[in-house]
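Text of the file model04.txt, holding compact mmCIF, C-alpha atoms:
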# COMPACT_ATOMS: atom_id res chain seq x y z
CA MET A 840 0.00 0.00 0.00
CA ALA A 841 1.48 3.35 -1.05
CA VAL A 842 2.25 5.93 1.65
CA ILE A 843 0.23 9.12 1.32
CA TRP A 844 2.09 12.13 2.68
CA LYS A 845 0.13 15.08 4.05
CA GLY A 846 1.26 18.61 4.69
CA THR A 847 1.06 20.56 7.97
CA ASN A 848 0.77 24.19 8.93
CA PHE A 849 4.58 24.28 9.27
CA THR A 850 6.77 24.67 6.21
CA GLY A 851 9.04 21.68 5.63
CA VAL A 852 7.07 19.38 7.94
CA ARG A 853 4.79 16.62 6.64
CA TYR A 854 3.40 13.30 7.87
CA TYR A 855 1.60 10.11 6.92
CA GLU A 856 -0.85 8.09 8.99
CA HIS A 857 -0.55 4.51 10.18
CA PRO A 858 -3.29 2.42 8.54
CA THR A 859 -4.55 0.86 11.78
CA ARG A 860 -2.62 2.01 14.85
CA LYS A 861 -4.04 4.90 16.81
CA HIS A 862 -2.53 7.41 19.21
CA GLY A 863 -5.20 8.98 21.34
CA VAL A 864 -8.41 9.54 19.36
CA GLY A 865 -6.68 9.85 15.99
CA LYS A 866 -4.42 7.67 13.93
CA ASP A 867 -0.76 7.48 14.76
CA LYS A 868 1.25 9.91 12.59
CA TYR A 869 4.81 9.68 11.30
CA PHE A 870 6.53 13.07 10.88
CA ALA A 871 9.36 13.98 8.51
CA ILE A 872 11.22 17.20 7.72
CA ARG A 873 12.57 18.52 4.40
CA TYR A 874 15.27 21.18 3.93
CA GLN A 875 18.14 22.25 1.66
CA ARG A 876 21.68 21.23 2.55
CA ASP A 877 24.70 22.00 0.32
CA GLY A 878 22.37 22.68 -2.60
CA LYS A 879 20.56 19.38 -2.20
CA ARG A 880 17.12 18.61 -0.82
CA VAL A 881 17.34 16.48 2.32
CA GLU A 882 14.41 14.63 3.90
CA GLU A 883 14.75 12.91 7.25
CA GLY A 884 12.20 11.02 9.30
CA ILE A 885 11.47 12.30 12.81
CA GLY A 886 9.27 9.70 14.46
CA TRP A 887 5.74 8.64 15.36
CA THR A 888 3.38 10.63 17.51
CA SER A 889 3.33 7.66 19.87
CA GLU A 890 7.14 7.91 20.33
CA LEU A 891 9.03 10.22 22.70
CA ASP A 892 11.63 12.81 21.79
CA PRO A 893 14.77 11.57 23.65
CA LYS A 894 15.70 15.19 24.36
CA ASP A 895 12.65 16.27 26.37
CA LYS A 896 10.82 12.90 26.72
CA LYS A 897 7.65 14.34 25.08
CA HIS A 898 5.60 12.94 22.17
CA TRP A 899 6.34 14.14 18.66
CA THR A 900 4.01 16.72 17.11
CA ALA A 901 4.10 18.81 13.96
CA GLU A 902 5.09 21.82 16.07
CA LYS A 903 8.02 19.95 17.72
CA ALA A 904 9.17 18.79 14.28
CA ALA A 905 9.09 22.41 13.05
CA ILE A 906 11.15 23.57 16.04
CA LEU A 907 13.73 20.84 15.36
CA LEU A 908 13.86 21.87 11.69
CA GLY A 909 14.48 25.47 12.72
CA GLU A 910 17.35 24.45 15.01
CA LEU A 911 19.02 22.48 12.21
CA LYS A 912 18.74 25.44 9.83
CA GLU A 913 20.18 27.89 12.38
CA ALA A 914 23.08 25.51 13.06
CA ALA A 915 23.72 25.22 9.30
CA ARG A 916 23.90 29.03 9.01
CA GLY A 917 26.22 29.24 12.01
CA LEU A 918 23.71 31.10 14.13
CA LYS A 919 23.89 28.52 16.93
CA GLN A 920 25.96 25.51 17.92
CA GLY A 921 24.64 22.03 17.24
CA ALA A 922 24.22 19.34 14.60
CA VAL A 923 23.30 20.43 11.09
CA ARG A 924 21.86 17.04 10.16
CA LEU A 925 19.27 15.02 12.02
CA SER A 926 21.44 11.92 11.71
CA ALA A 927 24.31 13.75 13.44
CA ARG A 928 21.94 14.97 16.12
CA ARG A 929 20.76 11.41 16.70
CA ASP A 930 24.34 10.22 17.04
CA ILE A 931 24.78 12.80 19.78
CA GLU A 932 21.51 11.73 21.39
CA ASP A 933 22.63 8.09 21.28
CA LYS A 934 25.80 9.07 23.12
CA TRP A 935 23.68 10.96 25.65
CA LYS A 936 21.53 7.87 26.09
CA ALA A 937 24.57 5.65 26.59
CA ALA A 938 26.09 8.06 29.09
CA GLU A 939 22.76 8.40 30.86
CA GLN A 940 22.37 4.62 31.06
CA GLU A 941 25.93 4.24 32.32
CA GLN A 942 25.32 6.85 35.00
CA LYS A 943 22.08 5.13 35.97
CA GLU A 944 23.84 1.78 36.33
CA ARG A 945 26.65 3.40 38.29
CA THR A 946 24.17 5.07 40.62
CA GLU A 947 22.33 1.78 41.13
CA LYS A 948 25.57 0.00 41.97
CA GLU A 949 26.72 2.75 44.32
CA SER A 950 23.39 2.62 46.12
CA ILE A 951 23.78 -1.08 46.97
CA THR A 952 24.19 -1.31 50.72
CA PHE A 953 26.80 -3.39 52.49
CA GLY A 954 24.00 -5.45 54.04
CA ASP A 955 22.32 -6.22 50.71
CA PHE A 956 25.64 -7.26 49.22
CA MET A 957 26.50 -9.50 52.16
CA THR A 958 23.12 -11.26 52.37
CA LYS A 959 22.42 -11.56 48.63
CA THR A 960 25.88 -12.01 47.13
CA TYR A 961 28.84 -12.55 49.47
CA LEU A 962 27.42 -14.97 52.04
CA PRO A 963 25.51 -17.16 49.52
CA GLN A 964 28.76 -17.49 47.53
CA SER A 965 30.70 -18.18 50.73
CA LYS A 966 28.29 -21.00 51.51
CA LEU A 967 28.99 -22.56 48.11
CA ASP A 968 32.77 -22.06 48.01
CA LYS A 969 33.98 -22.39 51.60
CA LYS A 970 33.87 -24.98 54.34
CA GLU A 971 30.61 -25.11 56.24
CA ARG A 972 32.33 -24.06 59.47
CA THR A 973 33.99 -21.06 57.74
CA TYR A 974 30.66 -19.96 56.26
CA LYS A 975 28.92 -20.22 59.63
CA ILE A 976 31.64 -18.12 61.29
CA GLU A 977 31.41 -15.42 58.60
CA GLU A 978 27.61 -15.35 58.79
CA MET A 979 27.75 -15.04 62.60
CA LEU A 980 30.38 -12.28 62.55
CA TYR A 981 28.38 -10.28 60.00
CA ARG A 982 25.10 -10.75 61.84
CA ILE A 983 26.45 -9.86 65.30
CA HIS A 984 29.02 -7.15 64.56
CA LEU A 985 28.37 -5.63 61.12
CA ALA A 986 24.68 -5.89 60.18
CA ASP A 987 23.40 -3.27 62.62
CA THR A 988 26.44 -0.97 62.33
CA ILE A 989 27.25 -0.64 58.62
CA GLY A 990 24.67 -2.92 57.01
CA ALA A 991 22.42 -0.05 55.88
CA LEU A 992 25.27 2.02 54.41
CA PRO A 993 26.40 1.95 50.75
CA PHE A 994 30.04 0.94 50.27
CA GLY A 995 31.10 4.50 49.45
CA LYS A 996 29.69 5.81 52.73
CA ILE A 997 31.60 3.38 54.96
CA SER A 998 34.77 4.91 56.39
CA ALA A 999 37.57 3.96 58.76
CA PHE A 1000 35.64 5.89 61.43
CA HIS A 1001 32.82 3.31 61.32
CA LEU A 1002 35.27 0.42 61.66
CA GLU A 1003 37.12 2.08 64.53
CA ARG A 1004 33.79 2.44 66.32
CA ILE A 1005 33.05 -1.25 65.71
CA LYS A 1006 36.50 -2.10 67.11
CA LYS A 1007 35.82 -0.05 70.24
CA ASP A 1008 32.39 -1.59 70.78
CA MET A 1009 33.88 -5.07 70.48
CA ALA A 1010 36.72 -4.23 72.85
CA ASP A 1011 34.24 -2.79 75.36
CA GLY A 1012 32.31 -6.04 75.04
CA LYS A 1013 35.45 -7.98 76.02
CA LYS A 1014 35.86 -9.53 72.58
CA SER A 1015 39.34 -10.89 71.91
CA ASP A 1016 41.80 -9.22 69.55
CA ARG A 1017 41.53 -12.30 67.33
CA THR A 1018 37.74 -11.87 66.98
CA ILE A 1019 38.20 -8.17 66.16
CA GLN A 1020 40.75 -9.15 63.53
CA TYR A 1021 38.32 -11.70 62.05
CA VAL A 1022 35.66 -8.98 61.67
CA LEU A 1023 38.15 -6.66 59.94
CA GLN A 1024 39.23 -9.50 57.64
CA LEU A 1025 35.61 -10.25 56.71
CA THR A 1026 35.01 -6.56 55.95
CA ARG A 1027 38.13 -6.38 53.80
CA GLN A 1028 37.13 -9.52 51.87
CA ALA A 1029 33.67 -8.06 51.24
CA PHE A 1030 35.13 -4.81 49.87
CA ASN A 1031 37.62 -6.68 47.68
CA THR A 1032 34.86 -8.92 46.29
CA ALA A 1033 32.62 -5.91 45.61
CA ARG A 1034 35.45 -4.22 43.74
CA LYS A 1035 36.03 -7.32 41.58
CA LEU A 1036 32.32 -7.39 40.71
CA GLY A 1037 32.34 -3.71 39.73
CA ILE A 1038 30.06 -2.66 42.58
CA PHE A 1039 32.66 -0.52 44.33
CA ALA A 1040 35.68 1.23 42.84
CA GLY A 1041 37.50 2.67 45.86
CA GLU A 1042 39.87 1.35 48.50
CA SER A 1043 38.75 -0.70 51.47
CA PRO A 1044 38.48 1.43 54.65
CA THR A 1045 40.23 -1.39 56.50
CA ASN A 1046 43.48 -0.07 54.98
CA ALA A 1047 43.22 3.01 57.20
CA VAL A 1048 42.37 1.08 60.38
CA ARG A 1049 44.92 0.05 63.00
CA TRP A 1050 44.61 -3.72 63.33
CA PRO A 1051 45.12 -5.32 66.74
CA LYS A 1052 48.41 -7.14 67.14
CA LEU A 1053 47.96 -10.76 68.11
CA ASP A 1054 49.97 -12.93 70.44
CA ASN A 1055 48.79 -16.44 69.63
CA MET A 1056 51.77 -18.17 71.15
CA LYS A 1057 50.75 -21.09 73.33
CA LEU A 1058 52.68 -20.94 76.58
CA ARG A 1059 51.21 -24.13 77.99
CA TYR A 1060 52.65 -27.47 76.98
CA LEU A 1061 52.37 -30.89 78.54
CA SER A 1062 55.08 -32.64 80.48
CA ILE A 1063 55.84 -36.20 79.39
CA THR A 1064 53.87 -37.48 82.38
CA GLU A 1065 50.87 -35.24 81.58
CA ALA A 1066 50.96 -36.32 77.94
CA GLU A 1067 50.93 -40.01 78.86
CA THR A 1068 48.13 -39.42 81.38
CA LEU A 1069 46.06 -37.63 78.70
CA LEU A 1070 46.61 -40.38 76.10
CA ALA A 1071 45.58 -43.08 78.59
CA ALA A 1072 42.41 -41.15 79.51
CA LEU A 1073 41.56 -40.62 75.84
CA ALA A 1074 42.07 -44.30 75.05
CA ALA A 1075 39.50 -45.16 77.73
CA LYS A 1076 36.97 -42.94 75.95
CA SER A 1077 37.81 -43.36 72.26
CA GLN A 1078 40.60 -45.29 70.58
CA ASN A 1079 40.19 -43.13 67.48
CA LEU A 1080 40.63 -39.90 69.47
CA HIS A 1081 43.63 -41.44 71.25
CA ASP A 1082 45.27 -42.29 67.91
CA LEU A 1083 44.60 -38.80 66.54
CA SER A 1084 46.16 -37.23 69.62
CA LEU A 1085 49.16 -39.55 69.64
CA LEU A 1086 49.96 -38.66 66.02
CA SER A 1087 49.85 -34.94 66.79
CA LEU A 1088 51.95 -35.41 69.91
CA HIS A 1089 54.62 -37.56 68.23
CA CYS A 1090 54.74 -35.90 64.78
CA GLY A 1091 53.74 -32.29 65.54
CA LEU A 1092 50.80 -32.33 63.13
CA ARG A 1093 47.91 -29.87 63.10
CA PHE A 1094 44.43 -31.35 63.44
CA GLY A 1095 43.57 -30.36 59.86
CA GLU A 1096 46.71 -32.10 58.56
CA ILE A 1097 45.80 -35.31 60.36
CA ALA A 1098 42.18 -35.14 59.17
CA LYS A 1099 43.29 -35.04 55.50
CA LEU A 1100 45.73 -37.96 55.76
CA THR A 1101 44.95 -40.89 53.44
CA TRP A 1102 46.65 -44.28 53.40
CA SER A 1103 48.54 -43.22 50.29
CA CYS A 1104 50.36 -40.66 52.48
CA VAL A 1105 52.04 -43.44 54.51
CA ASN A 1106 55.49 -44.62 53.44
CA TRP A 1107 56.06 -47.72 55.54
CA GLU A 1108 59.55 -48.30 54.18
CA ALA A 1109 60.77 -44.79 55.02
CA GLY A 1110 58.66 -44.58 58.17
CA SER A 1111 57.18 -41.25 57.11
CA LEU A 1112 53.98 -39.39 56.28
CA ALA A 1113 53.43 -37.09 53.30
CA ILE A 1114 51.68 -33.97 54.59
CA LEU A 1115 50.03 -32.60 51.45
CA ASP A 1116 48.67 -29.10 50.86
CA ALA A 1117 49.47 -28.02 54.40
CA LYS A 1118 49.21 -24.45 55.67
CA THR A 1119 52.69 -23.53 54.43
CA GLY A 1120 53.06 -26.17 51.70
CA SER A 1121 53.63 -29.91 51.58
CA ARG A 1122 56.27 -31.57 53.76
CA THR A 1123 57.36 -34.93 55.17
CA ALA A 1124 56.82 -35.98 58.79
CA TYR A 1125 58.72 -38.91 60.27
CA LEU A 1126 57.07 -41.46 62.53
CA THR A 1127 58.23 -42.39 65.99
CA ALA A 1128 58.01 -46.06 66.96
CA PRO A 1129 54.75 -45.51 68.93
CA ALA A 1130 53.21 -43.56 66.02
CA ARG A 1131 54.20 -46.27 63.54
CA ALA A 1132 52.82 -49.01 65.82
CA MET A 1133 49.57 -47.08 66.21
CA LEU A 1134 49.10 -46.80 62.42
CA LYS A 1135 49.92 -50.50 61.99
CA SER A 1136 47.21 -51.34 64.51
CA ARG A 1137 44.55 -49.58 62.42
CA GLU A 1138 42.79 -51.31 59.57
CA GLU A 1139 44.44 -50.08 56.38
CA GLY A 1140 41.99 -49.01 53.70
CA LYS A 1141 42.32 -48.12 50.02
CA PRO A 1142 44.97 -45.55 49.02
CA ASN A 1143 42.46 -42.68 48.88
CA ASP A 1144 40.62 -43.65 52.07
CA PHE A 1145 41.06 -41.36 55.06
CA ILE A 1146 43.14 -42.83 57.87
CA PHE A 1147 40.77 -41.12 60.30
CA PRO A 1148 37.39 -41.05 58.54
CA LYS A 1149 34.27 -39.37 59.82
CA ARG A 1150 31.66 -41.43 61.56
CA SER A 1151 29.92 -43.94 59.30
CA GLY A 1152 27.58 -42.41 56.74
CA LYS A 1153 29.39 -39.07 56.54
CA ASP A 1154 31.61 -37.99 53.65
CA GLY A 1155 34.73 -35.86 53.63
CA ALA A 1156 37.46 -35.17 56.16
CA MET A 1157 36.81 -34.33 59.80
CA ASP A 1158 36.61 -30.61 60.53
CA GLN A 1159 37.21 -30.55 64.30
CA ALA A 1160 38.30 -32.73 67.19
CA SER A 1161 35.67 -34.61 69.15
CA LYS A 1162 34.16 -32.89 72.19
CA ALA A 1163 35.45 -35.86 74.15
CA PHE A 1164 38.93 -34.28 74.02
CA THR A 1165 37.74 -31.13 75.81
CA ASP A 1166 35.77 -33.26 78.30
CA THR A 1167 38.84 -35.36 79.07
CA VAL A 1168 41.03 -32.30 79.61
CA LYS A 1169 38.37 -30.95 81.97
CA GLU A 1170 38.22 -34.23 83.90
CA LEU A 1171 42.00 -34.20 84.29
CA LYS A 1172 41.71 -30.60 85.58
CA PHE A 1173 44.46 -29.39 83.25
CA ASN A 1174 42.62 -26.07 82.79
CA LEU A 1175 41.29 -25.67 86.31
CA GLY A 1176 41.48 -22.00 87.31
CA VAL A 1177 43.08 -21.01 83.98
CA SER A 1178 41.56 -17.95 82.29
CA ASP A 1179 44.31 -17.00 79.82
CA ARG A 1180 43.60 -18.87 76.58
CA LYS A 1181 47.34 -19.08 75.86
CA GLN A 1182 47.67 -21.18 79.01
CA LYS A 1183 44.74 -23.51 78.28
CA VAL A 1184 45.21 -27.06 77.03
CA THR A 1185 43.57 -27.64 73.64
CA PHE A 1186 44.18 -30.12 70.84
CA HIS A 1187 46.75 -27.72 69.38
CA THR A 1188 48.66 -27.99 72.68
CA LEU A 1189 49.78 -31.44 71.49
CA ARG A 1190 51.64 -29.92 68.50
CA HIS A 1191 53.08 -27.27 70.80
CA THR A 1192 54.19 -29.98 73.24
CA PHE A 1193 55.93 -31.86 70.41
CA ALA A 1194 57.80 -28.72 69.35
CA THR A 1195 58.78 -27.72 72.89
CA HIS A 1196 60.23 -31.11 73.82
CA LEU A 1197 61.91 -31.45 70.41
CA TYR A 1198 63.72 -28.13 70.86
CA GLU A 1199 64.61 -28.76 74.50
CA SER A 1200 66.07 -32.13 73.49
CA THR A 1201 68.08 -30.84 70.52
CA HIS A 1202 68.44 -27.04 70.88
CA ASP A 1203 68.21 -27.10 67.07
CA LEU A 1204 65.89 -24.39 65.75
CA TYR A 1205 66.23 -25.40 62.10
CA LEU A 1206 65.32 -29.01 62.89
CA THR A 1207 62.31 -27.80 64.88
CA GLN A 1208 61.27 -25.45 62.06
CA ARG A 1209 61.41 -28.19 59.42
CA SER A 1210 59.56 -30.64 61.65
CA LEU A 1211 56.72 -28.17 62.26
CA GLY A 1212 56.55 -27.07 58.62
CA HIS A 1213 57.06 -23.38 59.40
CA ALA A 1214 57.80 -21.31 56.30
CA THR A 1215 60.29 -19.13 58.17
CA GLY A 1216 62.19 -19.34 61.43
CA THR A 1217 60.22 -16.48 62.99
CA MET A 1218 57.50 -18.70 64.44
CA THR A 1219 59.96 -21.39 65.48
CA ALA A 1220 62.17 -18.89 67.28
CA ARG A 1221 59.48 -18.60 69.90
CA TYR A 1222 60.42 -22.01 71.24
CA ALA A 1223 63.96 -20.83 71.86
CA LYS A 1224 62.67 -17.72 73.60
CA MET A 1225 60.38 -19.56 75.99
CA SER A 1226 62.29 -22.82 76.49
CA GLU A 1227 62.31 -23.21 80.27
CA SER A 1228 65.37 -25.42 80.36
CA ARG A 1229 67.37 -22.89 78.33
CA LEU A 1230 66.11 -20.06 80.52
CA ARG A 1231 67.26 -21.97 83.57
CA GLU A 1232 70.64 -22.55 81.95
CA GLY A 1233 70.89 -18.84 81.21
CA ALA A 1234 70.01 -17.90 84.77
CA ALA A 1235 72.52 -20.40 86.13
CA ALA A 1236 75.25 -19.11 83.81
CA LEU A 1237 74.57 -15.52 84.89
CA GLU A 1238 74.62 -16.57 88.54
CA ALA A 1239 77.93 -18.33 88.01
CA ALA A 1240 79.39 -15.26 86.28
CA PHE A 1241 78.43 -13.00 89.18
CA ALA A 1242 79.72 -15.52 91.67
CA ALA A 1243 83.04 -15.83 89.84
CA ASN A 1244 83.36 -12.05 89.65
CA GLY A 1245 82.61 -11.78 93.34
CA THR A 1246 85.31 -14.30 94.16
CA LYS A 1247 87.84 -12.36 92.07
CA GLN A 1248 86.95 -9.11 93.82
CA ALA A 1249 87.26 -10.74 97.21
CA GLU A 1250 90.67 -12.18 96.35
CA LYS A 1251 91.81 -8.80 94.99
CA GLY A 1252 90.65 -7.03 98.14
CA GLN A 1253 92.48 -9.54 100.31
CA ALA A 1254 95.64 -9.07 98.29
CA GLU A 1255 95.40 -5.27 98.65
CA LYS A 1256 95.01 -5.61 102.39
CA VAL A 1257 98.17 -7.68 102.57
CA VAL A 1258 100.15 -5.16 100.51
CA ASN A 1259 98.98 -2.21 102.62
CA PHE A 1260 99.85 -4.03 105.79
CA LYS A 1261 103.37 -4.64 104.51

For the file at hand, write its structure as structure tokens.
Amino acid sequence: MAVIWKGTNFTGVRYYEHPTRKHGVGKDKYFAIRYQRDGKRVEEGIGWTSELDPKDKKHWTAEKAAILLGELKEAARGLKQGAVRLSARRDIEDKWKAAEQEQKERTEKESITFGDFMTKTYLPQSKLDKKERTYKIEEMLYRIHLADTIGALPFGKISAFHLERIKKDMADGKKSDRTIQYVLQLTRQAFNTARKLGIFAGESPTNAVRWPKLDNMKLRYLSITEAETLLAALAAKSQNLHDLSLLSLHCGLRFGEIAKLTWSCVNWEAGSLAILDAKTGSRTAYLTAPARAMLKSREEGKPNDFIFPKRSGKDGAMDQASKAFTDTVKELKFNLGVSDRKQKVTFHTLRHTFATHLYESTHDLYLTQRSLGHATGTMTARYAKMSESRLREGAAALEAAFAANGTKQAEKGQAEKVVNFK
């Protein structure tokens, strides 16, 4: 069907009607403008009455089309700045649209609150990617310490001031420095994740916060007698827990390292264990005779079977020591009257006991470092600093030095007396 163009009351503006579609009470109209450009007649379509002018968001009319035509002519004569062709004007409008959309998206992202991001993005992903225990700790820390303090704020509005206030509130609530550090770490991880996802472009406010310095050094270790007493008590409760504890005590292994051991890690010929993907990288641990005998007494499974599997029906490696360990320590009264956590006996005390007795027996820091799997000697050096036997030796040596000096002074004084008398 041929298009029938109709004129308007405005020179250079005409339209044709849509055969069926209506706008308001009349048919929808398509407007076009005609003008001279470089000696040639140019005709460009404007748009339908039902469409909006991207410039002012109003519907097209013959009058609006005439105004646009006038602006193009004035620009062509140099009377005003702007596009001289409708196509050029639309290119500019498209760029405006793109910039407007980009700004809208940026505004939407910047308006996302810390709480929305944590509950809808970070924590759900944490639940999928991390260990169940890690997810539960992060969810608890957010819910208790961050949700009501910075949860309603957009990322860009959260400053170091807010985090310092959270630190103070936690300290006033007698929370440990380690817990405060965990909260700061969680906040930093959230900011870093938001930046990777394009939600936030700045720096994490945790960079401007003074983090608490931690002293995680365990001062308490077991004497040989205490260790044997503990192992005997554990064996009466659970042979599995006894074997776990003996391996930590004799090989200096962390609980997580023991939990991930499979039978393929055991080298019977060399009398060693392959500790894979440990905290500071893989290493080899050598078995003592009791540790070797203990492993021999257990039923050996397939190469990929865990040496210490979870209870029947559960998959994966164990994630924490049985509560029976804590109960046994309590029954033995090892922690009676102890409030300092560095002085309390925990499962990790077994590794600390191994390291302490190893160093006191050898006075070899490098050997102790390699046995523990420390990446540097900094952590291992602590055992030299707090070794009681070495401290006693130092005190005795100092005492002897003073005593020797005192003897010399006494002898010198006696000699002087003799000379003066003469």

Q) Of the candidates A:Tyr1060, A:Trp887, A:Tyr961, A:Phe1193, which shows the shortest atom-to-atom distance to A:Gly1091, using only C-alpha atoms? A)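 Of the candidates, the smallest distance to A:Gly1091 is held by A:Phe1193.
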
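Restricting the calculation to only C-alpha atoms, the smallest distance between A:Gly990 and any of A:Tyr874, A:Tyr974, A:Trp899, A:Phe953 is found for A:Phe953.
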
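Distance check against A:Ala986 using only C-alpha atoms: of A:Ala999, A:Val1022, A:Leu1206, A:Ile1114, the minimum falls on A:Val1022.
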
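Comparing the minimum interatomic distances between A:Leu1112 and each of A:Val1048, A:Met1157, A:Leu1175, A:Ala1130, counting all atoms listed in the file, we find that A:Ala1130 sits nearest.
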
**Q.** For atom CA of A:Ser1121 and atom CA of A:Leu1204, the interatomic separation in Å (one decimal)
**A.** 19.5 Å
